[in-house]
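> Please read through the structure below; I'll follow up with questions.
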Amino acid sequence: MKSKVMLATAVACLCVASAQSASADSFTYEWYTAANNGDLMPAEVATKFFNSYNQPAVNREGLVVFRARSRGGEGGGPGQGEPEHGIYTRSLAEQGPLNVVFRRRGTVPQPNNTTTGKGGQLATFNEFPSVPRIDAGSGTLATRGQSTPVWTGLVEDAGGSLVETKTGTAGVYVSASPGMTATGASMVGDVYEYDASGAIVQTFPYFQVPPHGDGDMLVGPGVGFDQFPGSPAVAARTTIVFKGNFSVKIGDDLVGKTGVFYRDFAARRGTAPIQVIASSLQKIPGSETYFGSTAPPSAGGKYAVFAGYDNEGAPKEGGIYRARLGVQPIVLEPVVKIGDPVPGEPNGATFDRFGEAISVSSNGRHVLFWGGWGEPGGDKTRPVTLICPDEGNAARKAACAAATPEGTTGEVPMHQGFFLRDMQRGTTTVVARTGDTIDGRVIEDFVYWNFSGRVAGMGEGEGDDIEEPARWRSTSFGAVSGSGTPGMTVVKARLADDGDVVEDEHALLLRDVKPSGIGDLVPLLRTGDLGAMVDPEAPAGAVITALGVERDGFRGNWLAVNVSMLVAGDPAAAAAGGEEPEEDTGWAGVYVARFLDDEPVAY
């Protein structure tokens, strides 16, 4: 299913009740539906419909991957059983069918020797806490998964003795071709067994935390990972790049550490070891200070990109770094650092924080990042009011309400923006910043807040981050397509009330960025637009209420987004026999725009 639109100077109206701003660029594109609430979820017995979706990723051939779930029940209705959860794909270039790659209650790939007690079935998935991602140049995808314990083996206890234990409830899981899945990283790196001679050996040495460190800060062999926070990335067909948490003994204390790692899961017949890129056992480049935090990485071509600081909450050192994979020793090349001057800003303004969700082009050359800064010599941040959502899991809503009394605020930088760094040219281009105007409305914020994590009363596997308690988290959203020369960027922004419109708008803003000339910021989609713009199957009168885009959402000529819509109910009209719905009804889906410019986006 597709719908075609053109965004250009001559187009009078692309969205509801507002004329588009004039643009020096001309973009023609078609919208394709990857999945919507009218589609049955692929399963052994397809009885449930899609209901909600997270931000999708797409490769440059139009293969989209996304996480989604249904309502409960055999027919997808509320209160009729456990909902279906899973990771799904669809080829939009071929208009292929929907496919399920991983699903809740599905069997975890090997290594897996532990039954669940339900008919002898091996360990199964509970949930996929983070959005999946896909290699730009192939169909290889990766996702984080939580499961029942996958392995029963010998693990060292606190006293140093080996005891039989069930372990392995988290990992990074991959699919390189339809129906072929594998474990890319797992918690079982600390498992031992007896070999044929009776000697004790590691069962899966290639899954251990790689021995590394500086000075007294060392991790030796036989240490397993504790967790894999965030979303793993994929590059070069068979290389996964991910964040890993682990514990190391320093003196008499077991201390939690974190880092960014990579592994070629196909090399050495699947036994290639995990390699370290950077960790909190290593010093920040050019500093005597150790990394205190690292963020889930991105990857493109032969490169990984990540944010790392001395202190995540109040960074004084660190920034965003790029590393060439497959080369030892790893060299961390700064993309941008805390304290660097902000391009185009007067009066000595310098960056004091960056976002975690960094987007990198498919060859690793261009890096799109969010950065914030304060007034030179003045305020660094400003407060924003935090408001709990009025929909979603009941236990989480209750936990949010308890943690968020009226007047609770979060802090955002006084100024913020998105920037595109060309690592080859050494230049940084401003994509968008607060204070820019779109159709007379001012960009006020790029930071989005959500209350997520594990809360009491939620079902097993329902938390966004199983091992971390629920709290307010913030992030920004943007993606870049291009290599060789910069292509196009898309960022998500909040447009402030202009005095005539009651509510703020949220928008996906498109900008063509190339050395020969930078195009205008152009709204692609906004809240308040008619849902029919992207989905011809959307209910009549459906209005867009939420938009999502992720760092791997723009590849080649393909841009993937998730969209939620609402049809407002009218009880009076319904009671009078009209056609208006009596109650509000929702609709949502994953949609992909294919750009059809005469000069396609380079990749």
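Letters for chains follow the order of the structure tokens (A, B, ...), residue numbers begin at 1 for each chain, and ligand numbers begin at 1 in the order shown.
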So that I can check the secondary structure, give me every residue of segment 111-288 of chain A assigned helix (DSSP H, G or I) by backbone DSSP, as an MDAnalysis selection string.
chainID A and resid 188:190 205:207 267:270
> For Met423 of chain A, work out the shell of residues within 12 Å, counting only C-alpha atoms and skipping chain neighbours fewer than 4 positions away, then give it as a PyMOL selection string.
chain A and resi 303+305+321-323+333-336+360-361+363-368+427-429+483-486
> Could you take the residues named above and write them with C-alpha atoms, as an mmCIF file, in the first residue's frame?

```cif
data_model
loop_
_atom_site.group_PDB
_atom_site.id
_atom_site.type_symbol
_atom_site.label_atom_id
_atom_site.label_comp_id
_atom_site.auth_asym_id
_atom_site.auth_seq_id
_atom_site.Cartn_x
_atom_site.Cartn_y
_atom_site.Cartn_z
ATOM 1 C CA TYR A 303 33.041 2.337 12.237
ATOM 2 C CA VAL A 305 30.253 5.794 17.203
ATOM 3 C CA TYR A 321 33.952 9.226 19.664
ATOM 4 C CA ARG A 322 34.401 7.168 16.488
ATOM 5 C CA ALA A 323 36.371 3.906 16.380
ATOM 6 C CA GLU A 333 38.780 9.563 17.300
ATOM 7 C CA PRO A 334 36.865 12.550 18.757
ATOM 8 C CA VAL A 335 33.781 13.620 16.833
ATOM 9 C CA VAL A 336 32.939 16.424 19.256
ATOM 10 C CA VAL A 360 25.927 7.628 11.532
ATOM 11 C CA SER A 361 25.896 7.309 7.749
ATOM 12 C CA ASN A 363 29.923 4.371 5.447
ATOM 13 C CA GLY A 364 30.699 5.883 8.863
ATOM 14 C CA ARG A 365 31.741 9.253 7.476
ATOM 15 C CA HIS A 366 28.905 11.507 8.662
ATOM 16 C CA VAL A 367 27.670 11.726 12.238
ATOM 17 C CA LEU A 368 24.400 13.415 13.229
ATOM 18 C CA THR A 427 33.399 20.331 9.173
ATOM 19 C CA THR A 428 30.267 20.625 11.290
ATOM 20 C CA THR A 429 26.973 21.824 9.779
ATOM 21 C CA SER A 483 27.726 8.765 2.280
ATOM 22 C CA GLY A 484 30.360 10.144 -0.012
ATOM 23 C CA THR A 485 28.593 13.482 0.371
ATOM 24 C CA PRO A 486 25.978 14.259 3.012
#
```
> With only C-alpha atoms as the counted atoms, please give the residues lying no more than 9 Å from segment 174-183 of chain A, apart from itself and same-chain residues fewer than 3 positions off, as an MDAnalysis selection string.
chainID A and resid 99 101:102 108:111 138:144 171 186 237:238 240 265
> Need the shell around Thr408 of chain A: protein/DNA/RNA residues with any atom at most 7 Å away, counting only C-alpha atoms. Skip same-chain ones fewer than 2 positions apart. Format as a VMD selection string?
chain A and resid 385 to 386 404 to 406
> Just the selected residues (N, CA and C atoms), exported as a tab-separated table (two decimals), in the first residue's frame, please.

```
chain	number	residue	atom	x	y	z
A	385	THR	N	8.26	20.89	32.69
A	385	THR	CA	7.32	20.15	33.52
A	385	THR	C	7.14	18.73	32.99
A	386	LEU	N	7.23	17.76	33.90
A	386	LEU	CA	7.06	16.36	33.53
A	386	LEU	C	5.62	15.94	33.84
A	404	THR	N	5.93	11.39	40.53
A	404	THR	CA	5.84	12.67	39.83
A	404	THR	C	4.74	13.54	40.42
A	405	PRO	N	4.95	14.07	41.62
A	405	PRO	CA	3.95	14.99	42.16
A	405	PRO	C	3.83	16.24	41.29
A	406	GLU	N	2.72	16.91	41.39
A	406	GLU	CA	2.49	18.10	40.58
A	406	GLU	C	3.64	19.09	40.75
```
> Give the answer as one residue: which of A:Ala588, A:Leu559, A:Val522, A:Ala93 has the shortest atom-to-atom distance to Ala546 of chain A, using only C-alpha atoms?
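For Ala546 of chain A, the nearest of the given residues is A:Ala588.
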> Env of Val155 of chain A: 9 Å cut, atoms = only C-alpha atoms, seq-sep filter 5 positions within chain, self excluded. Answer as a PDB file with N, CA and C atoms, in the first residue's frame.

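Result written to part29.pdb:
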```
ATOM      1  N   SER A 161      33.974 -21.100  44.732  1.00  0.00           N
ATOM      2  CA  SER A 161      33.695 -22.497  44.383  1.00  0.00           C
ATOM      3  C   SER A 161      32.799 -22.558  43.156  1.00  0.00           C
ATOM      4  N   LEU A 162      32.978 -23.608  42.349  1.00  0.00           N
ATOM      5  CA  LEU A 162      32.124 -23.808  41.187  1.00  0.00           C
ATOM      6  C   LEU A 162      30.874 -24.569  41.590  1.00  0.00           C
ATOM      7  N   VAL A 163      29.719 -23.989  41.287  1.00  0.00           N
ATOM      8  CA  VAL A 163      28.444 -24.622  41.623  1.00  0.00           C
ATOM      9  C   VAL A 163      27.581 -24.643  40.368  1.00  0.00           C
ATOM     10  N   GLU A 164      26.722 -25.653  40.259  1.00  0.00           N
ATOM     11  CA  GLU A 164      25.830 -25.724  39.104  1.00  0.00           C
ATOM     12  C   GLU A 164      24.748 -24.671  39.231  1.00  0.00           C
ATOM     13  N   THR A 165      24.588 -23.894  38.185  1.00  0.00           N
ATOM     14  CA  THR A 165      23.694 -22.737  38.207  1.00  0.00           C
ATOM     15  C   THR A 165      22.991 -22.597  36.870  1.00  0.00           C
ATOM     16  N   LYS A 166      21.769 -22.088  36.902  1.00  0.00           N
ATOM     17  CA  LYS A 166      21.072 -21.682  35.684  1.00  0.00           C
ATOM     18  C   LYS A 166      21.369 -20.203  35.461  1.00  0.00           C
ATOM     19  N   THR A 167      21.818 -19.852  34.275  1.00  0.00           N
ATOM     20  CA  THR A 167      22.243 -18.484  34.010  1.00  0.00           C
ATOM     21  C   THR A 167      21.908 -18.094  32.581  1.00  0.00           C
ATOM     22  N   ASP A 190      30.920 -16.638  31.766  1.00  0.00           N
ATOM     23  CA  ASP A 190      31.546 -17.078  33.022  1.00  0.00           C
ATOM     24  C   ASP A 190      31.190 -18.525  33.372  1.00  0.00           C
ATOM     25  N   VAL A 191      30.679 -19.292  32.402  1.00  0.00           N
ATOM     26  CA  VAL A 191      30.284 -20.682  32.641  1.00  0.00           C
ATOM     27  C   VAL A 191      31.468 -21.615  32.363  1.00  0.00           C
ATOM     28  N   TYR A 192      31.614 -22.648  33.216  1.00  0.00           N
ATOM     29  CA  TYR A 192      32.705 -23.621  33.081  1.00  0.00           C
ATOM     30  C   TYR A 192      32.143 -25.031  32.939  1.00  0.00           C
ATOM     31  N   GLU A 193      33.027 -25.953  32.496  1.00  0.00           N
ATOM     32  CA  GLU A 193      32.685 -27.365  32.382  1.00  0.00           C
ATOM     33  C   GLU A 193      33.966 -28.190  32.501  1.00  0.00           C
TER      34      GLU A 193
END
```
> Run DSSP on the backbone of this structure and report the residues of segment 318-417 of chain A it assigns to strand (DSSP E), as a compact mmCIF listing (two decimals) with C-alpha atoms, in the first residue's frame.

```txt
# COMPACT_ATOMS: atom_id res chain seq x y z
CA GLY A 318 34.38 13.24 27.27
CA GLY A 319 32.13 13.53 24.25
CA ILE A 320 31.32 11.54 21.13
CA TYR A 321 33.95 9.23 19.66
CA ARG A 322 34.40 7.17 16.49
CA ALA A 323 36.37 3.91 16.38
CA ARG A 324 37.53 1.85 13.40
CA LEU A 332 39.14 6.64 19.68
CA GLU A 333 38.78 9.56 17.30
CA PRO A 334 36.87 12.55 18.76
CA VAL A 335 33.78 13.62 16.83
CA VAL A 336 32.94 16.42 19.26
CA LYS A 337 33.91 16.98 22.90
CA ARG A 353 26.22 17.84 26.86
CA PHE A 354 25.35 15.52 23.99
CA SER A 359 23.08 8.56 13.88
CA VAL A 360 25.93 7.63 11.53
CA HIS A 366 28.90 11.51 8.66
CA VAL A 367 27.67 11.73 12.24
CA LEU A 368 24.40 13.41 13.23
CA PHE A 369 24.33 14.39 16.90
CA TRP A 370 22.27 16.43 19.34
CA GLY A 371 24.14 18.90 21.53
CA GLY A 372 23.20 21.37 24.24
CA TRP A 373 24.78 24.48 25.69
CA THR A 381 19.64 24.67 31.91
CA ARG A 382 15.95 25.46 32.16
CA PRO A 383 13.15 23.41 33.75
CA VAL A 384 10.43 21.55 31.86
CA THR A 385 7.32 20.15 33.52
CA THR A 409 10.41 19.17 36.46
CA GLY A 410 13.30 17.90 34.39
CA GLU A 411 16.21 19.99 33.17
CA VAL A 412 17.11 20.69 29.54
CA PRO A 413 19.89 22.91 28.15
CA HIS A 415 20.00 26.05 23.99
CA GLN A 416 20.17 22.89 21.91
CA GLY A 417 20.37 21.68 18.34
```
> Tell me which protein, DNA and RNA residues are within 9 Å of segment 132-134 of chain A, counting only C-alpha atoms, leaving out same-chain ones fewer than 4 positions away, and put them as a VMD selection string.
chain A and resid 55 to 59 63 to 67 87 128 138 to 144 231 to 235 552 to 553
> Would you work out the distance separating atom CA of Asp445 of chain A from atom CA of Ala403 of chain A, expressed in Å to one decimal?
23.4 Å
> I'd like the interatomic distance between atom CA of Val201 of chain A and atom CA of Gly189 of chain A, to a tenth of an Å.
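Taking atom CA of Val201 of chain A and atom CA of Gly189 of chain A, their separation equals 11.4 Å.
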> Work out how far apart atom CA of Gly145 of chain A and atom CA of Ile358 of chain A are and give it in Å to one decimal.
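One can read the atom CA of Gly145 of chain A to atom CA of Ile358 of chain A distance as 21.7 Å.
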> Counting only C-alpha atoms, which of A:Gly301, A:Val491, A:Gly453, A:Glu317 gets nearest to Gly286 of chain A?
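Among the listed residues, the smallest separation from Gly286 of chain A belongs to A:Glu317.
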